[in-house]
$ cat input.cif   # mmCIF, C-alpha atoms
data_query
loop_
_atom_site.group_PDB
_atom_site.id
_atom_site.type_symbol
_atom_site.label_atom_id
_atom_site.label_comp_id
_atom_site.auth_asym_id
_atom_site.auth_seq_id
_atom_site.Cartn_x
_atom_site.Cartn_y
_atom_site.Cartn_z
ATOM 1 C CA MET A 20 -54.458 -88.448 -101.310
ATOM 2 C CA PHE A 21 -51.826 -87.102 -98.954
ATOM 3 C CA HIS A 22 -50.875 -89.275 -95.985
ATOM 4 C CA GLN A 23 -48.988 -87.760 -93.143
ATOM 5 C CA VAL A 24 -46.612 -90.135 -91.425
ATOM 6 C CA ILE A 25 -46.369 -89.663 -87.699
ATOM 7 C CA GLU A 26 -43.336 -91.231 -86.157
ATOM 8 C CA ILE A 27 -43.901 -92.562 -82.683
ATOM 9 C CA PRO A 28 -40.620 -92.681 -80.789
ATOM 10 C CA GLN A 29 -39.761 -95.915 -79.110
ATOM 11 C CA THR A 30 -39.931 -95.754 -75.345
ATOM 12 C CA GLN A 31 -37.134 -97.136 -73.229
ATOM 13 C CA GLU A 32 -39.382 -99.980 -72.073
ATOM 14 C CA ASP A 33 -39.943 -101.086 -75.686
ATOM 15 C CA ARG A 34 -36.242 -101.482 -76.393
ATOM 16 C CA PRO A 35 -34.150 -104.538 -75.515
ATOM 17 C CA ILE A 36 -32.262 -104.162 -72.245
ATOM 18 C CA TRP A 37 -28.984 -104.039 -74.199
ATOM 19 C CA ASP A 38 -30.087 -100.732 -75.760
ATOM 20 C CA GLN A 39 -31.344 -99.015 -72.614
ATOM 21 C CA GLN A 40 -29.465 -96.701 -70.321
ATOM 22 C CA LEU A 41 -29.512 -98.718 -67.124
ATOM 23 C CA ARG A 42 -27.700 -98.829 -63.820
ATOM 24 C CA ALA A 43 -26.683 -102.477 -63.770
ATOM 25 C CA ALA A 44 -25.465 -104.736 -60.975
ATOM 26 C CA ALA A 45 -24.924 -108.457 -60.547
ATOM 27 C CA HIS A 46 -25.358 -110.944 -57.743
ATOM 28 C CA CYS A 47 -22.951 -113.879 -57.406
ATOM 29 C CA CYS A 48 -22.721 -116.565 -54.792
ATOM 30 C CA THR A 49 -21.241 -119.893 -53.869
ATOM 31 C CA SER A 50 -22.647 -122.423 -51.471
ATOM 32 C CA THR A 51 -19.473 -123.458 -49.649
ATOM 33 C CA ASN A 52 -16.117 -122.108 -48.456
ATOM 34 C CA GLN A 53 -14.164 -124.805 -50.294
ATOM 35 C CA GLU A 54 -11.069 -123.726 -52.222
ATOM 36 C CA GLU A 55 -12.563 -124.417 -55.671
ATOM 37 C CA GLN A 56 -15.592 -122.320 -54.742
ATOM 38 C CA ASN A 57 -13.311 -119.343 -54.016
ATOM 39 C CA SER A 58 -12.077 -119.297 -57.603
ATOM 40 C CA SER A 59 -15.649 -119.783 -58.828
ATOM 41 C CA LEU A 60 -16.759 -116.669 -56.970
ATOM 42 C CA GLU A 61 -13.778 -114.685 -58.248
ATOM 43 C CA ASN A 62 -14.556 -115.814 -61.807
ATOM 44 C CA GLN A 63 -18.216 -114.855 -61.462
ATOM 45 C CA ILE A 64 -17.302 -111.387 -60.157
ATOM 46 C CA ALA A 65 -14.767 -110.823 -62.955
ATOM 47 C CA TYR A 66 -17.199 -112.055 -65.611
ATOM 48 C CA TYR A 67 -20.116 -109.860 -64.552
ATOM 49 C CA THR A 68 -17.924 -106.803 -63.982
ATOM 50 C CA ALA A 69 -16.521 -107.077 -67.524
ATOM 51 C CA PHE A 70 -19.919 -107.965 -69.013
ATOM 52 C CA ILE A 71 -21.667 -104.935 -67.533
ATOM 53 C CA GLN A 72 -18.806 -102.571 -68.304
ATOM 54 C CA SER A 73 -18.664 -103.751 -71.929
ATOM 55 C CA ASN A 74 -22.098 -102.280 -72.630
ATOM 56 C CA PRO A 75 -21.747 -98.519 -73.228
ATOM 57 C CA MET A 76 -25.433 -98.022 -72.401
ATOM 58 C CA TRP A 77 -25.078 -99.431 -68.895
ATOM 59 C CA ARG A 78 -23.548 -97.852 -65.833
ATOM 60 C CA PHE A 79 -21.780 -100.363 -63.603
ATOM 61 C CA VAL A 80 -23.046 -100.179 -60.027
ATOM 62 C CA ALA A 81 -21.489 -103.180 -58.266
ATOM 63 C CA VAL A 82 -21.232 -106.926 -58.040
ATOM 64 C CA TYR A 83 -22.795 -108.154 -54.813
ATOM 65 C CA ALA A 84 -21.347 -111.453 -53.670
ATOM 66 C CA ASP A 85 -21.997 -114.029 -50.985
ATOM 67 C CA GLN A 86 -19.858 -117.001 -50.084
ATOM 68 C CA ALA A 87 -21.208 -120.069 -48.284
ATOM 69 C CA SER A 88 -24.455 -118.191 -48.023
ATOM 70 C CA GLY A 89 -26.760 -120.884 -46.693
ATOM 71 C CA LEU A 90 -30.507 -120.839 -46.757
ATOM 72 C CA HIS A 91 -31.242 -117.729 -44.742
ATOM 73 C CA THR A 92 -31.072 -114.132 -45.907
ATOM 74 C CA LYS A 93 -29.340 -113.131 -42.661
ATOM 75 C CA ASN A 94 -26.323 -115.172 -43.842
ATOM 76 C CA ARG A 95 -26.239 -113.358 -47.184
ATOM 77 C CA PRO A 96 -24.903 -109.823 -46.628
ATOM 78 C CA GLY A 97 -24.289 -109.215 -50.337
ATOM 79 C CA TYR A 98 -27.875 -110.133 -51.177
ATOM 80 C CA ARG A 99 -29.216 -107.893 -48.393
ATOM 81 C CA LYS A 100 -27.087 -104.950 -49.592
ATOM 82 C CA LEU A 101 -28.260 -105.527 -53.174
ATOM 83 C CA LEU A 102 -31.909 -105.320 -52.125
ATOM 84 C CA LYS A 103 -31.177 -102.270 -49.959
ATOM 85 C CA ASP A 104 -29.550 -100.482 -52.904
ATOM 86 C CA CYS A 105 -32.548 -101.389 -55.079
ATOM 87 C CA ARG A 106 -34.878 -99.833 -52.494
ATOM 88 C CA ARG A 107 -32.690 -96.711 -52.552
ATOM 89 C CA GLY A 108 -33.174 -96.452 -56.335
ATOM 90 C CA LYS A 109 -29.541 -97.130 -57.244
ATOM 91 C CA ILE A 110 -30.162 -100.117 -59.547
ATOM 92 C CA ASP A 111 -32.338 -100.699 -62.630
ATOM 93 C CA LEU A 112 -31.141 -104.172 -63.645
ATOM 94 C CA ILE A 113 -29.727 -107.175 -61.779
ATOM 95 C CA LEU A 114 -27.822 -109.907 -63.605
ATOM 96 C CA VAL A 115 -27.652 -113.384 -62.067
ATOM 97 C CA LYS A 116 -26.362 -116.725 -63.285
ATOM 98 C CA SER A 117 -29.503 -118.603 -62.254
ATOM 99 C CA LEU A 118 -32.570 -118.167 -60.113
ATOM 100 C CA SER A 119 -31.276 -120.822 -57.738
ATOM 101 C CA ARG A 120 -28.291 -118.576 -57.018
ATOM 102 C CA PHE A 121 -30.461 -115.508 -56.581
ATOM 103 C CA GLY A 122 -32.934 -116.965 -54.116
ATOM 104 C CA ARG A 123 -32.380 -119.943 -51.874
ATOM 105 C CA ASP A 124 -35.933 -121.249 -52.088
ATOM 106 C CA ALA A 125 -38.954 -120.685 -54.327
ATOM 107 C CA ARG A 126 -40.874 -118.585 -51.805
ATOM 108 C CA GLU A 127 -37.972 -116.204 -51.184
ATOM 109 C CA THR A 128 -37.213 -115.916 -54.898
ATOM 110 C CA ILE A 129 -40.794 -115.139 -55.909
ATOM 111 C CA SER A 130 -41.196 -112.665 -53.066
ATOM 112 C CA SER A 131 -37.971 -110.859 -54.024
ATOM 113 C CA ILE A 132 -38.894 -110.717 -57.703
ATOM 114 C CA LYS A 133 -42.302 -109.227 -56.868
ATOM 115 C CA LYS A 134 -40.693 -106.583 -54.654
ATOM 116 C CA LEU A 135 -38.127 -105.755 -57.335
ATOM 117 C CA LYS A 136 -40.846 -105.439 -59.960
ATOM 118 C CA GLN A 137 -42.664 -102.929 -57.748
ATOM 119 C CA MET A 138 -39.396 -100.958 -57.555
ATOM 120 C CA ASN A 139 -39.076 -101.131 -61.371
ATOM 121 C CA VAL A 140 -35.916 -103.261 -61.142
ATOM 122 C CA GLY A 141 -35.438 -105.973 -63.755
ATOM 123 C CA ILE A 142 -33.640 -109.285 -63.398
ATOM 124 C CA TYR A 143 -31.739 -110.907 -66.230
ATOM 125 C CA ILE A 144 -30.852 -114.558 -65.779
ATOM 126 C CA SER A 145 -27.918 -115.616 -67.917
#
$ encode --input "input.cif" --output "structure tokens"
Amino acid sequence: MFHQVIEIPQTQEDRPIWDQQLRAAAHCCTSTNQEEQNSSLENQIAYYTAFIQSNPMWRFVAVYADQASGLHTKNRPGYRKLLKDCRRGKIDLILVKSLSRFGRDARETISSIKKLKQMNVGIYIS
């Protein structure tokens, strides 16, 4: 009996994020203006810039950063610009060090993640 093999190509969504062509960005922040926090922010920016650029499948968009950001979104211009660029369709993937650095409280974080999901933007927490 003859069996015909039909190959079903893998969709982009089925592949790991490392193997997808994505426009990638990162969000970094510190909670104070202290001197040691300045170098922390610089290190985070350098790390994520190099990390994104090292993947040939990804296109580097930007690293959005906030320093001494506080609890309110109005005090986080980098975060606001990141979300604005997501709404404009410029970003497919956001890399963050931790959820606590992405959102300042659970409600804000969950709300942002839901909005990003609706925009088809993924978040990778390293």
$ resolve_selection --input "input.cif" --expression "the PyMOL selection byres ((chain A and resi 115) around 10)" --output "ChimeraX atom specification"
/A:44-48,63,67,82,112-114,116-121,142-145
$ closest_residue --input "input.cif" --among "A:Trp77, A:Asn94, A:Ala43, A:Tyr83" --to "A:Leu60" --atoms "all atoms listed in the file"
A:Tyr83
$ closest_residue --input "input.cif" --among "A:Trp37, A:Ala84, A:Arg126, A:Gln137" --to "A:Phe70" --atoms "all atoms listed in the file"
A:Trp37
$ closest_residue --input "input.cif" --among "A:Asn139, A:Thr128, A:Gln40, A:Ser50" --to "A:Ile71" --atoms "all atoms listed in the file"
A:Gln40
$ atom_distance --input "input.cif" --atom1 "atom CA of A:Lys134" --atom2 "atom CA of A:Ala69"
27.4 Å
$ closest_residue --input "input.cif" --among "A:Thr68, A:Gln39, A:Thr49, A:Ser131" --to "A:Leu101" --atoms "only C-alpha atoms"
A:Ser131
$ atom_distance --input "input.cif" --atom1 "atom CA of A:Leu135" --atom2 "atom CA of A:Gly108"
10.6 Å
$ axis_aligned_box --input "input.cif" --around "stretch 92-101 of chain A" --padding-each-side "5 Å" --output "JSON"
{"center_x": -27.7, "center_y": -110.1, "center_z": -47.9, "size_x": 16.8, "size_y": 20.2, "size_z": 20.5}
$ atom_distance --input "input.cif" --atom1 "atom CA of A:Leu102" --atom2 "atom CA of A:Val140"
10.1 Å
$ closest_residue --input "input.cif" --among "A:Val80, A:Ile64, A:Ser59, A:Gly141" --to "A:Asp104" --atoms "only C-alpha atoms"
A:Val80
$ closest_residue --input "input.cif" --among "A:Glu61, A:Pro35, A:Lys103, A:Ile132" --to "A:Gln86" --atoms "only C-alpha atoms"
A:Glu61
$ decode --input "input.cif" --residues "stretch 59-73 of chain A" --atoms "all heavy atoms" --output "short mmCIF file (atom, residue, chain, number, x, y, z; two decimals), in the first residue's frame"
data_model
loop_
_atom_site.label_atom_id
_atom_site.label_comp_id
_atom_site.auth_asym_id
_atom_site.auth_seq_id
_atom_site.Cartn_x
_atom_site.Cartn_y
_atom_site.Cartn_z
N SER A 59 24.16 49.82 37.37
CA SER A 59 23.24 48.70 37.16
C SER A 59 22.41 48.92 35.90
O SER A 59 22.24 48.01 35.09
CB SER A 59 22.33 48.52 38.37
OG SER A 59 21.33 47.56 38.09
N LEU A 60 21.90 50.13 35.74
CA LEU A 60 21.09 50.44 34.56
C LEU A 60 21.94 50.36 33.30
O LEU A 60 21.51 49.77 32.30
CB LEU A 60 20.45 51.82 34.70
CG LEU A 60 19.43 52.19 33.63
CD1 LEU A 60 18.26 51.20 33.62
CD2 LEU A 60 18.92 53.60 33.84
N GLU A 61 23.13 50.90 33.35
CA GLU A 61 24.04 50.83 32.19
C GLU A 61 24.34 49.37 31.84
O GLU A 61 24.37 49.00 30.66
CB GLU A 61 25.34 51.58 32.49
CG GLU A 61 25.17 53.07 32.58
CD GLU A 61 26.43 53.76 33.10
OE1 GLU A 61 27.47 53.09 33.29
OE2 GLU A 61 26.35 54.98 33.34
N ASN A 62 24.58 48.54 32.84
CA ASN A 62 24.86 47.12 32.61
C ASN A 62 23.66 46.41 31.99
O ASN A 62 23.81 45.58 31.10
CB ASN A 62 25.27 46.43 33.90
CG ASN A 62 26.62 46.87 34.40
OD1 ASN A 62 27.44 47.40 33.65
ND2 ASN A 62 26.87 46.69 35.69
N GLN A 63 22.47 46.72 32.50
CA GLN A 63 21.25 46.11 31.95
C GLN A 63 21.08 46.49 30.47
O GLN A 63 20.79 45.63 29.63
CB GLN A 63 20.01 46.57 32.72
CG GLN A 63 19.88 46.01 34.11
CD GLN A 63 18.64 46.57 34.79
OE1 GLN A 63 17.53 46.43 34.29
NE2 GLN A 63 18.83 47.20 35.93
N ILE A 64 21.26 47.76 30.16
CA ILE A 64 21.12 48.23 28.78
C ILE A 64 22.13 47.55 27.87
O ILE A 64 21.79 47.06 26.79
CB ILE A 64 21.24 49.76 28.71
CG1 ILE A 64 20.05 50.42 29.42
CG2 ILE A 64 21.36 50.25 27.27
CD1 ILE A 64 20.20 51.91 29.67
N ALA A 65 23.39 47.48 28.31
CA ALA A 65 24.44 46.83 27.51
C ALA A 65 24.13 45.35 27.31
O ALA A 65 24.29 44.82 26.20
CB ALA A 65 25.79 47.02 28.18
N TYR A 66 23.70 44.69 28.38
CA TYR A 66 23.41 43.26 28.30
C TYR A 66 22.30 42.98 27.29
O TYR A 66 22.44 42.13 26.41
CB TYR A 66 23.02 42.71 29.68
CG TYR A 66 22.50 41.29 29.61
CD1 TYR A 66 23.37 40.22 29.52
CD2 TYR A 66 21.13 41.03 29.58
CE1 TYR A 66 22.90 38.91 29.42
CE2 TYR A 66 20.65 39.73 29.48
CZ TYR A 66 21.53 38.68 29.40
OH TYR A 66 21.08 37.39 29.29
N TYR A 67 21.18 43.67 27.42
CA TYR A 67 20.04 43.39 26.54
C TYR A 67 20.30 43.82 25.10
O TYR A 67 19.85 43.16 24.17
CB TYR A 67 18.75 44.01 27.08
CG TYR A 67 18.17 43.17 28.19
CD1 TYR A 67 18.16 43.61 29.49
CD2 TYR A 67 17.65 41.91 27.93
CE1 TYR A 67 17.65 42.83 30.52
CE2 TYR A 67 17.14 41.12 28.94
CZ TYR A 67 17.14 41.59 30.23
OH TYR A 67 16.64 40.80 31.23
N THR A 68 21.05 44.90 24.91
CA THR A 68 21.41 45.30 23.55
C THR A 68 22.23 44.20 22.88
O THR A 68 21.91 43.76 21.77
CB THR A 68 22.21 46.62 23.57
OG1 THR A 68 21.39 47.64 24.14
CG2 THR A 68 22.63 47.03 22.18
N ALA A 69 23.25 43.70 23.55
CA ALA A 69 24.10 42.64 23.00
C ALA A 69 23.31 41.34 22.83
O ALA A 69 23.46 40.63 21.82
CB ALA A 69 25.30 42.41 23.91
N PHE A 70 22.47 41.02 23.81
CA PHE A 70 21.69 39.78 23.76
C PHE A 70 20.75 39.76 22.55
O PHE A 70 20.70 38.78 21.80
CB PHE A 70 20.88 39.61 25.05
CG PHE A 70 20.16 38.31 25.16
CD1 PHE A 70 20.82 37.15 25.53
CD2 PHE A 70 18.80 38.22 24.89
CE1 PHE A 70 20.16 35.94 25.64
CE2 PHE A 70 18.12 37.02 25.00
CZ PHE A 70 18.81 35.87 25.37
N ILE A 71 20.04 40.84 22.34
CA ILE A 71 19.11 40.90 21.20
C ILE A 71 19.89 40.89 19.89
O ILE A 71 19.54 40.16 18.96
CB ILE A 71 18.21 42.15 21.30
CG1 ILE A 71 17.26 42.02 22.50
CG2 ILE A 71 17.42 42.35 20.01
CD1 ILE A 71 16.52 43.29 22.86
N GLN A 72 20.94 41.67 19.81
CA GLN A 72 21.71 41.76 18.57
C GLN A 72 22.47 40.48 18.24
O GLN A 72 22.83 40.25 17.09
CB GLN A 72 22.66 42.95 18.62
CG GLN A 72 21.92 44.27 18.57
CD GLN A 72 22.83 45.48 18.68
OE1 GLN A 72 23.95 45.40 19.18
NE2 GLN A 72 22.33 46.62 18.24
N SER A 73 22.67 39.62 19.23
CA SER A 73 23.39 38.36 18.97
C SER A 73 22.52 37.33 18.27
O SER A 73 23.04 36.34 17.75
CB SER A 73 23.94 37.78 20.28
OG SER A 73 22.88 37.26 21.07
#
